[in-house]
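Okay, run-v8.cif now, which holds mmCIF, C-alpha atoms (C1' of nucleotides):
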data_protein
#
loop_
_atom_site.label_atom_id
_atom_site.label_comp_id
_atom_site.auth_asym_id
_atom_site.auth_seq_id
_atom_site.Cartn_x
_atom_site.Cartn_y
_atom_site.Cartn_z
CA MET P 111 89.46 10.74 127.75
CA ASP P 112 89.85 12.76 130.87
CA THR P 113 90.96 15.82 129.02
CA THR P 114 87.75 15.81 127.03
CA TRP P 115 85.68 16.69 130.06
CA ALA P 116 88.07 18.98 131.87
CA PRO P 117 87.41 22.18 129.91
CA PRO P 118 83.63 22.01 130.15
CA LEU P 119 83.92 21.41 133.86
CA ARG P 120 86.26 24.33 134.33
CA ASP P 121 84.11 26.57 132.18
CA ALA P 122 81.21 25.73 134.42
CA GLY P 123 83.18 26.68 137.48
CA LEU P 124 83.55 23.13 138.70
CA ARG P 125 86.75 21.46 139.75
CA VAL P 126 88.04 18.58 137.73
CA THR P 127 87.91 15.55 139.96
CA ARG P 128 88.21 11.86 139.43
CA PRO P 129 84.63 11.05 140.44
CA ARG P 130 83.28 13.65 138.05
CA LEU P 131 85.31 12.38 135.15
CA ALA P 132 84.27 8.84 135.92
CA VAL P 133 80.60 9.78 136.05
CA LEU P 134 80.83 11.80 132.85
CA ASP P 135 82.46 8.91 131.04
CA ALA P 136 79.80 6.59 132.37
CA LEU P 137 77.13 8.99 131.19
CA ALA P 138 78.64 9.17 127.74
CA ALA P 139 78.74 5.39 127.53
CA HIS P 140 75.18 4.97 128.80
CA PRO P 141 73.02 7.73 127.41
CA HIS P 142 70.01 7.09 129.65
CA ALA P 143 71.31 5.56 132.83
CA ASP P 144 69.89 5.79 136.31
CA ALA P 145 72.01 6.67 139.31
CA ASP P 146 72.50 3.05 140.26
CA THR P 147 73.81 2.05 136.85
CA LEU P 148 76.13 5.01 136.85
CA VAL P 149 77.58 3.95 140.17
CA THR P 150 78.31 0.52 138.78
CA VAL P 151 79.81 1.78 135.55
CA ALA P 152 81.79 4.63 137.04
CA ARG P 153 83.31 2.24 139.55
CA GLN P 154 85.21 0.56 136.76
CA ALA P 155 87.24 3.73 136.55
CA HIS P 156 87.09 4.62 140.22
CA PRO P 157 86.37 1.58 142.40
CA THR P 158 85.91 3.38 145.69
CA LEU P 159 83.18 5.63 144.38
CA SER P 160 80.17 5.79 146.66
CA PRO P 161 76.54 6.12 145.58
CA GLN P 162 76.23 9.41 147.40
CA ALA P 163 79.20 10.75 145.52
CA VAL P 164 77.43 9.95 142.28
CA TYR P 165 74.30 11.72 143.47
CA GLY P 166 76.43 14.69 144.39
CA VAL P 167 78.25 14.74 141.08
CA LEU P 168 75.03 14.41 139.13
CA LYS P 169 73.43 17.21 141.06
CA ALA P 170 76.41 19.43 140.34
CA LEU P 171 76.40 18.52 136.65
CA VAL P 172 72.69 19.12 136.30
CA GLY P 173 73.03 22.35 138.23
CA VAL P 174 75.52 23.83 135.79
CA GLY P 175 73.80 22.39 132.73
CA LEU P 176 76.31 19.73 131.80
CA ALA P 177 73.77 16.98 132.31
CA ARG P 178 70.04 16.66 132.16
CA ARG P 179 67.78 14.77 134.48
CA VAL P 180 64.77 12.92 133.13
CA GLU P 181 62.15 11.39 135.36
CA PRO P 182 59.75 9.06 133.63
CA ALA P 183 56.74 8.36 135.82
CA GLY P 184 57.19 5.27 137.91
CA ALA P 185 60.90 4.81 137.28
CA PRO P 186 64.04 6.11 138.91
CA ALA P 187 65.52 9.27 137.43
CA LEU P 188 67.68 9.01 134.33
CA TYR P 189 70.56 11.23 133.35
CA GLU P 190 71.96 12.24 129.99
CA VAL P 191 74.79 14.42 128.78
CA ARG P 192 72.98 15.55 125.70
CA VAL P 193 72.05 19.09 126.58
CA GLY P 194 71.49 22.31 124.73
CA ASP P 195 68.90 20.86 122.43
CA ASN P 196 65.43 20.11 123.59
CA HIS P 197 64.87 16.59 122.45
CA HIS P 198 62.25 14.25 123.83
CA HIS P 199 62.03 10.63 124.87
CA LEU P 200 60.41 7.38 123.95
CA VAL P 201 59.90 5.12 126.95
CA CYS P 202 59.05 1.44 126.79
CA ARG P 203 56.27 0.56 129.21
CA SER P 204 57.55 -2.95 129.54
CA CYS P 205 61.31 -2.78 129.95
CA GLY P 206 61.85 0.90 130.60
CA ALA P 207 64.16 1.36 127.63
CA VAL P 208 64.54 4.96 126.59
CA ALA P 209 65.30 6.37 123.16
CA ASP P 210 65.82 9.93 122.05
CA VAL P 211 63.44 11.68 119.72
CA ASP P 212 64.60 14.78 117.99
CA CYS P 213 62.14 17.53 118.49
CA THR P 214 60.89 19.14 115.36
CA VAL P 215 61.93 22.51 116.64
CA GLY P 216 60.80 25.56 114.81
CA ALA P 217 57.47 24.30 113.65
CA ALA P 218 56.44 22.65 116.88
CA PRO P 219 52.80 23.39 117.47
CA CYS P 220 52.71 21.15 120.50
CA LEU P 221 55.01 23.44 122.38
CA THR P 222 52.62 26.33 122.52
CA PRO P 223 49.49 25.34 124.36
CA SER P 224 46.38 27.19 123.29
CA ASP P 225 45.38 28.40 126.71
CA THR P 226 48.23 28.90 129.14
CA ALA P 227 45.99 29.81 132.07
CA GLY P 228 48.23 32.68 133.05
CA PHE P 229 51.38 30.58 133.02
CA VAL P 230 54.56 31.68 131.30
CA VAL P 231 55.85 28.51 129.72
CA ASP P 232 59.57 28.09 129.16
CA GLU P 233 59.82 24.41 128.38
CA ALA P 234 57.69 21.67 126.97
CA GLU P 235 58.57 18.17 127.98
CA VAL P 236 57.22 15.32 125.90
CA VAL P 237 57.28 11.65 126.79
CA PHE P 238 56.12 9.07 124.29
CA TRP P 239 54.92 5.85 125.90
CA GLY P 240 54.87 2.60 124.04
CA LEU P 241 56.64 -0.69 123.52
CA CYS P 242 60.11 -1.10 122.15
CA ARG P 243 60.83 -3.60 119.41
CA GLU P 244 62.19 -6.28 121.70
CA CYS P 245 59.25 -6.16 124.07
CA ARG P 246 56.81 -6.17 121.19
CA VAL P 247 58.35 -9.39 119.94
CA ARG P 248 58.60 -10.98 123.35
CA THR P 249 55.03 -10.24 124.37
CA PRO P 250 52.68 -11.39 121.59
CA GLU P 251 49.78 -9.06 122.34
CA GLY P 252 49.80 -6.33 124.95
CA THR P 253 50.62 -8.72 127.74
CA ALA P 254 53.23 -6.84 129.67
CA GLN P 255 52.19 -3.62 131.30
CA VAL P 256 54.87 -2.94 133.80
CA LEU P 257 55.63 0.72 133.94
CA GLN P 258 52.83 2.92 135.14
CA HIS P 259 49.94 3.86 132.91
CA ASP P 260 48.40 0.41 133.08
CA ASN P 261 44.96 1.87 133.16
CA ARG P 262 43.18 -0.13 130.57
CA GLY P 263 39.53 -0.42 131.40
CA GLY P 264 39.60 -4.17 131.22
CA ALA P 265 38.35 -7.03 133.27
CA HIS P 266 39.51 -7.35 136.78
CA ALA P 267 40.42 -10.54 138.49
CA MET S 68 26.53 13.31 146.13
CA ASP S 69 27.19 9.71 146.89
CA THR S 70 24.84 8.46 144.24
CA THR S 71 26.78 10.32 141.59
CA TRP S 72 29.76 8.03 141.90
CA ALA S 73 28.03 4.76 142.59
CA PRO S 74 27.14 3.82 139.00
CA PRO S 75 30.59 4.43 137.55
CA LEU S 76 32.10 2.37 140.34
CA ARG S 77 29.68 -0.48 139.75
CA ASP S 78 30.20 -0.32 136.03
CA ALA S 79 33.90 -0.69 136.62
CA GLY S 80 33.32 -3.76 138.75
CA LEU S 81 34.21 -2.02 141.99
CA ARG S 82 32.18 -2.06 145.14
CA VAL S 83 30.70 1.17 146.37
CA THR S 84 32.34 1.97 149.68
CA ARG S 85 32.54 4.97 151.91
CA PRO S 86 36.29 5.50 151.46
CA ARG S 87 35.95 5.40 147.69
CA LEU S 88 33.14 7.90 147.63
CA ALA S 89 35.06 10.16 149.97
CA VAL S 90 38.17 10.02 147.80
CA LEU S 91 36.19 10.58 144.62
CA ASP S 92 34.51 13.62 146.13
CA ALA S 93 37.86 14.91 147.28
CA LEU S 94 39.25 14.38 143.78
CA ALA S 95 36.36 16.24 142.23
CA ALA S 96 36.90 19.15 144.61
CA HIS S 97 40.66 19.23 144.08
CA PRO S 98 41.41 18.50 140.45
CA HIS S 99 45.16 17.99 140.90
CA ALA S 100 45.70 16.82 144.43
CA ASP S 101 48.44 14.62 145.77
CA ALA S 102 47.75 11.66 148.00
CA ASP S 103 48.39 13.60 151.17
CA THR S 104 45.92 16.34 150.30
CA LEU S 105 43.34 13.74 149.40
CA VAL S 106 43.74 12.10 152.77
CA THR S 107 43.11 15.41 154.50
CA VAL S 108 40.15 16.34 152.35
CA ALA S 109 38.53 12.93 152.29
CA ARG S 110 38.74 12.77 156.07
CA GLN S 111 36.17 15.52 156.28
CA ALA S 112 33.68 12.99 155.01
CA HIS S 113 35.27 9.94 156.60
CA PRO S 114 37.41 10.88 159.62
CA THR S 115 38.91 7.46 160.26
CA LEU S 116 40.31 7.13 156.75
CA SER S 117 43.93 6.03 156.72
CA PRO S 118 46.58 7.12 154.23
CA GLN S 119 47.04 3.57 153.06
CA ALA S 120 43.35 3.32 152.37
CA VAL S 121 43.63 6.34 150.10
CA TYR S 122 46.56 4.81 148.28
CA GLY S 123 44.56 1.62 147.85
CA VAL S 124 41.51 3.45 146.60
CA LEU S 125 43.54 5.54 144.18
CA LYS S 126 45.26 2.47 142.82
CA ALA S 127 41.92 0.80 142.27
CA LEU S 128 40.47 3.90 140.59
CA VAL S 129 43.47 4.32 138.32
CA GLY S 130 43.39 0.60 137.56
CA VAL S 131 39.87 0.73 136.19
CA GLY S 132 40.33 4.07 134.49
CA LEU S 133 38.20 6.21 136.77
CA ALA S 134 41.17 8.33 137.75
CA ARG S 135 44.46 9.29 136.23
CA ARG S 136 47.81 9.54 137.87
CA VAL S 137 50.21 12.29 136.91
CA GLU S 138 53.80 12.40 138.08
CA PRO S 139 55.55 15.68 137.46
CA ALA S 140 59.29 15.31 137.90
CA GLY S 141 60.40 16.13 141.41
CA ALA S 142 56.96 16.26 142.97
CA PRO S 143 54.68 13.69 144.55
CA ALA S 144 52.14 12.07 142.25
CA LEU S 145 48.91 13.91 141.48
CA TYR S 146 45.55 12.43 140.72
CA GLU S 147 42.65 13.64 138.65
CA VAL S 148 39.21 12.36 137.73
CA ARG S 149 39.24 13.85 134.29
CA VAL S 150 39.78 10.84 132.12
CA GLY S 151 38.87 9.75 128.64
CA ASP S 152 40.39 12.76 126.99
CA ASN S 153 44.10 13.11 126.57
CA HIS S 154 44.77 16.53 127.95
CA HIS S 155 48.10 17.80 129.19
CA HIS S 156 49.40 19.85 132.08
CA LEU S 157 51.03 23.13 132.91
CA VAL S 158 53.21 22.91 135.99
CA CYS S 159 54.59 25.87 137.91
CA ARG S 160 58.26 25.40 138.73
CA SER S 161 57.95 27.56 141.78
CA CYS S 162 54.80 26.53 143.61
CA GLY S 163 53.91 23.30 141.85
CA ALA S 164 50.50 24.50 140.77
CA VAL S 165 49.02 22.47 137.95
CA ALA S 166 46.57 23.52 135.27
CA ASP S 167 44.97 21.53 132.50
CA VAL S 168 45.70 22.18 128.85
CA ASP S 169 43.34 20.85 126.30
CA CYS S 170 45.20 18.89 123.69
CA THR S 171 44.51 19.83 120.16
CA VAL S 172 43.45 16.30 119.40
CA GLY S 173 42.96 15.26 115.83
CA ALA S 174 45.58 17.51 114.36
CA ALA S 175 48.21 16.81 116.95
CA PRO S 176 51.59 16.74 115.31
CA CYS S 177 53.26 16.37 118.66
CA LEU S 178 51.86 12.92 119.07
CA THR S 179 53.73 11.36 116.20
CA PRO S 180 57.48 11.60 116.63
CA SER S 181 59.42 11.56 113.40
CA ASP S 182 61.64 8.62 114.21
CA THR S 183 60.16 6.10 116.61
CA ALA S 184 63.29 3.96 116.80
CA GLY S 185 61.26 0.78 116.55
CA PHE S 186 58.86 1.75 119.29
CA VAL S 187 55.11 1.47 118.93
CA VAL S 188 53.82 4.58 120.62
CA ASP S 189 50.37 4.58 122.20
CA GLU S 190 50.46 7.74 124.24
CA ALA S 191 52.17 11.08 124.24
CA GLU S 192 52.46 12.85 127.53
CA VAL S 193 53.22 16.53 127.51
CA VAL S 194 54.22 18.66 130.47
CA PHE S 195 54.61 22.40 130.09
CA TRP S 196 56.97 23.92 132.65
CA GLY S 197 56.82 27.55 133.60
CA LEU S 198 55.66 29.99 136.20
CA CYS S 199 52.09 30.60 137.18
CA ARG S 200 50.72 34.11 137.43
CA GLU S 201 51.05 34.36 141.21
CA CYS S 202 54.67 33.23 141.25
CA ARG S 203 55.53 35.54 138.39
CA VAL S 204 54.23 38.46 140.39
CA ARG S 205 55.87 37.36 143.61
CA THR S 206 59.31 36.75 142.10
CA PRO S 207 60.33 39.76 139.96
CA GLU S 208 62.73 38.03 137.61
CA GLY S 209 63.39 34.29 137.41
CA THR S 210 64.39 34.10 141.03
CA ALA S 211 62.62 31.01 142.17
CA GLN S 212 63.61 27.71 140.68
CA VAL S 213 62.26 25.19 143.06
CA LEU S 214 60.91 22.27 141.12
CA GLN S 215 63.49 20.31 139.19
CA HIS S 216 64.64 21.37 135.76
CA ASP S 217 66.87 24.11 136.98
CA ASN S 218 69.28 23.35 134.19
CA ARG S 219 69.65 26.73 132.67
CA GLY S 220 71.46 25.17 129.77
CA GLY S 221 69.36 25.64 126.71
CA ALA S 222 65.70 25.84 127.34
CA HIS S 223 63.83 26.21 124.15
CA ALA S 224 60.66 27.93 123.21
"C1'" DG W 204 107.30 22.70 143.89
"C1'" DG W 205 105.07 23.31 148.58
"C1'" DC W 206 101.50 25.60 151.45
"C1'" DC W 207 96.92 27.00 152.27
"C1'" DT W 208 92.16 27.90 151.34
"C1'" DT W 209 88.25 26.15 149.34
"C1'" DC W 210 85.54 22.87 147.32
"C1'" DA W 211 84.49 17.97 146.87
"C1'" DT W 212 83.91 13.35 148.62
"C1'" DT W 213 83.22 9.98 152.12
"C1'" DT W 214 80.54 7.92 155.65
"C1'" DG W 215 76.44 7.29 158.02
"C1'" DA W 216 71.97 8.41 159.31
"C1'" DC W 217 67.67 9.92 157.85
"C1'" DT W 218 63.40 11.65 155.26
"C1'" DC W 219 59.71 11.15 152.08
"C1'" DG W 220 56.41 8.90 149.16
"C1'" DT W 221 54.81 4.66 148.43
"C1'" DT W 222 54.03 -0.35 148.79
"C1'" DC W 223 53.40 -4.88 151.11
"C1'" DA W 224 51.09 -8.22 154.35
"C1'" DA W 225 47.80 -10.09 157.77
"C1'" DG W 226 43.68 -9.68 160.09
"C1'" DA W 227 39.05 -7.26 160.69
"C1'" DA W 228 35.15 -5.19 158.58
"C1'" DA W 229 31.84 -4.22 155.06
"C1'" DA W 230 29.50 -5.02 150.41
"C1'" DG W 231 26.52 -7.61 147.82
"C1'" DC W 232 24.57 -12.04 146.31
"C1'" DG W 233 21.27 -15.72 147.14
"C1'" DC N 191 19.76 -12.78 157.03
"C1'" DG N 192 23.98 -15.48 156.48
"C1'" DC N 193 27.89 -16.43 153.51
"C1'" DT N 194 31.61 -15.36 150.34
"C1'" DT N 195 34.51 -12.08 148.44
"C1'" DT N 196 36.28 -7.68 148.24
"C1'" DT N 197 38.01 -3.89 150.72
"C1'" DC N 198 39.69 -1.40 154.65
"C1'" DT N 199 42.68 -1.05 158.79
"C1'" DT N 200 46.91 -1.43 161.15
"C1'" DG N 201 51.67 -1.76 161.25
"C1'" DA N 202 55.86 -2.53 159.10
"C1'" DA N 203 58.91 -2.26 155.30
"C1'" DC N 204 61.02 -0.53 151.00
"C1'" DG N 205 63.69 2.28 147.47
"C1'" DA N 206 65.22 6.57 145.83
"C1'" DG N 207 67.15 10.36 147.16
"C1'" DT N 208 68.80 13.89 150.67
"C1'" DC N 209 71.27 15.99 154.66
"C1'" DA N 210 75.25 16.85 157.80
"C1'" DA N 211 79.87 16.33 159.87
"C1'" DA N 212 84.42 15.15 159.08
"C1'" DT N 213 88.17 13.72 155.94
"C1'" DG N 214 90.44 14.39 151.67
"C1'" DA N 215 91.70 16.33 147.09
"C1'" DA N 216 92.12 20.60 143.68
"C1'" DG N 217 94.16 24.48 142.41
"C1'" DG N 218 95.79 29.41 143.31
"C1'" DC N 219 99.57 31.83 145.43
"C1'" DC N 220 104.14 32.42 146.79
#

Translate the structure of the given file into C-alpha cells.
Amino acid sequence: MDTTWAPPLRDAGLRVTRPRLAVLDALAAHPHADADTLVTVARQAHPTLSPQAVYGVLKALVGVGLARRVEPAGAPALYEVRVGDNHHHLVCRSCGAVADVDCTVGAAPCLTPSDTAGFVVDEAEVVFWGLCRECRVRTPEGTAQVLQHDNRGGAHA
Amino acid sequence: MDTTWAPPLRDAGLRVTRPRLAVLDALAAHPHADADTLVTVARQAHPTLSPQAVYGVLKALVGVGLARRVEPAGAPALYEVRVGDNHHHLVCRSCGAVADVDCTVGAAPCLTPSDTAGFVVDEAEVVFWGLCRECRVRTPEGTAQVLQHDNRGGAHA
DNA sequence: GGCCTTCATTTGACTCGTTCAAGAAAAGCG
DNA sequence: CGCTTTTCTTGAACGAGTCAAATGAAGGCC
C-alpha cells in the first residue's frame, strides 16, 4: 500500500516518510476523520506517531493539494483525500456524521451569487445540515440538537 | 435606541438588560463582527462589560433566534442580527471581510442535493470564498492566501 | 553502498477562542 | 418596595491547533 502514495508525494515535492504514508492510509480508510481519529488510526501502522506529527503531515498534505480540510461549524476540522473535484458535504447535527454530496457541476446556479459585492469568487462551499438516518431513528422527533445551529425559536426553560 | 430592542427581547422571553442592548447595538453597527470586536464596540455604551458577558449575551441571542452565528473556516465566529431569511456569505481569503449574498430562495437548486444519503436536510449553508475588491487591488496576482483553503488543487468555478 | 545536506518529526510549551462555575447584581412580578 | 429568578461578573479551565528547538530520517551525490 505504501507504493500507492509514494508517487503523488514525490510529484508534490514531498518526501516519502512513514508518518505520511500512515496518515494517508488512515485518511483513505476514514474519509472524514478529524485529527484525533487520524492519530489513533495511523498509530496502528506507526505506533510512536505523535499528534503534532499528524498536524504537520496534514498541513503539508493540504498545502500541496493532496488532502482537503473541511471545518463544519462547531466541530473539529475534518480531512479528506478526495480532491480535484468540488463536492460538498452533508453534516448530521446530532452525531456529526459527514457524507459526500456530488456537486452538480456545470449547471450549478448556486455557485454564482447574484451580487458579488466586488468580490472575485473562486470557490463555493456548501454544507447541508440535517439528521442522518441513524439519528432520525434514535430521536423520535427533533429531540437532539447537538451541533451548532440550535436556534429554534422555541420555549426556554 | 434602547427601546428598539426591548420588544424583541421580551417577545423572546429574555430580560431587557444593559449588556444585551449594548451588544445588540454593536451588532447592528457591525453586521459581521466577531466576539472580540463586539466587546470593544459594546464597551462604548457599557464600559464595564466583560468578554464573558458578551459571549453569554450572544449565546442567549442565538438561542432565541435574535442573532445568527457564522463560522467561516479558519476564523473566529461572526455574529449578525439579520435573521429570518436564509442568506449566504462572501468571505475574503485575504482580509476576512464578509459580505451578505441574498439567496435566490424559492428556486434554489443548491438547497436540494441530488443524493442525500439518508439524511434529512433542513438547511443549506453556502460560503463563497474569494478576494474582496481592496485585497484584489493590493495584491496584484493571487499573492495573498491567508485564510484557509489554500489548497490550489482543483478549485472550481 | 556510505556520506552529507536538507527536510521531517519529536518533544514540550504555548496561544487563541470559547466555555464552565460560583457568587453578586439587576430585572420584573406581585 | 421586597422577593424570586434571571443575568452579569470574576476567575479559572478547556480543547484544538500552533510554534520553536533539537533529534532523526530521506534521498542526492560520489

Report as JSON lines: every residue of chain P with an atom at most 8 Å from chain N, its closest pair of atoms, and their distance in Å to one decimal, counting all atoms listed in the file, with rows sorted by chain and ascending residue number.
{"residue": "P:Arg125", "atom": "CA", "partner": "N:DA216", "partner_atom": "C1'", "distance": 6.7}
{"residue": "P:Val126", "atom": "CA", "partner": "N:DA216", "partner_atom": "C1'", "distance": 7.5}
{"residue": "P:Thr127", "atom": "CA", "partner": "N:DA216", "partner_atom": "C1'", "distance": 7.6}
{"residue": "P:Pro186", "atom": "CA", "partner": "N:DA206", "partner_atom": "C1'", "distance": 7.0}

Using only C-alpha atoms, find which residues of chain P lie within 6 Å of chain S and jot them down as a PDB file with C-alpha atoms, keeping the file's coordinate frame.
ATOM      1  CA  VAL P 172      72.690  19.120 136.300  1.00  0.00           C
ATOM      2  CA  GLY P 173      73.030  22.350 138.230  1.00  0.00           C
ATOM      3  CA  GLY P 175      73.800  22.390 132.730  1.00  0.00           C
ATOM      4  CA  GLU P 181      62.150  11.390 135.360  1.00  0.00           C
ATOM      5  CA  ALA P 183      56.740   8.360 135.820  1.00  0.00           C
ATOM      6  CA  GLY P 194      71.490  22.310 124.730  1.00  0.00           C
ATOM      7  CA  CYS P 220      52.710  21.150 120.500  1.00  0.00           C
ATOM      8  CA  GLY P 228      48.230  32.680 133.050  1.00  0.00           C
ATOM      9  CA  PHE P 229      51.380  30.580 133.020  1.00  0.00           C
ATOM     10  CA  VAL P 230      54.560  31.680 131.300  1.00  0.00           C
ATOM     11  CA  VAL P 231      55.850  28.510 129.720  1.00  0.00           C
ATOM     12  CA  ASP P 232      59.570  28.090 129.160  1.00  0.00           C
ATOM     13  CA  GLU P 233      59.820  24.410 128.380  1.00  0.00           C
ATOM     14  CA  ALA P 234      57.690  21.670 126.970  1.00  0.00           C
ATOM     15  CA  GLU P 235      58.570  18.170 127.980  1.00  0.00           C
ATOM     16  CA  VAL P 236      57.220  15.320 125.900  1.00  0.00           C
ATOM     17  CA  VAL P 237      57.280  11.650 126.790  1.00  0.00           C
ATOM     18  CA  PHE P 238      56.120   9.070 124.290  1.00  0.00           C
ATOM     19  CA  TRP P 239      54.920   5.850 125.900  1.00  0.00           C
ATOM     20  CA  GLY P 240      54.870   2.600 124.040  1.00  0.00           C
ATOM     21  CA  LEU P 241      56.640  -0.690 123.520  1.00  0.00           C
ATOM     22  CA  CYS P 242      60.110  -1.100 122.150  1.00  0.00           C
ATOM     23  CA  ARG P 243      60.830  -3.600 119.410  1.00  0.00           C
ATOM     24  CA  ASN P 261      44.960   1.870 133.160  1.00  0.00           C
ATOM     25  CA  GLY P 263      39.530  -0.420 131.400  1.00  0.00           C
TER      26      GLY P 263
END

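Atom to atom, CA of Leu105 in chain S and CA of Val124 in chain S stand 10.8 Å apart.
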
Select all residues from chain W having any atom no more than 12 Å from an atom of chain S (counting only C-alpha atoms (C1' of nucleotides), ignoring ligands), output as a list in words.
->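 Selected residues: DC219, DG220, DT221, DT222, DC223, DA228, DA229, DA230 and DG231 of chain W.
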
What is the distance between CA of Pro86 in chain S and CA of Ala109 in chain S, in Å to one decimal?
->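 It comes out at 7.8 Å.
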
Rounded to one decimal place, report the CA of His142 in chain P-CA of Arg192 in chain P distance in Å.
->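 Spanning CA of His142 in chain P to CA of Arg192 in chain P is a straight-line distance of 9.8 Å.
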
Any idea what's packed within 12 Å of Thr150 in chain P, counting all atoms listed in the file, ignoring anything in its chain fewer than 2 positions away? Could you give it as number ranges by chain?
-> P: 132-133, 136-137, 140, 143-148, 152-161, 164
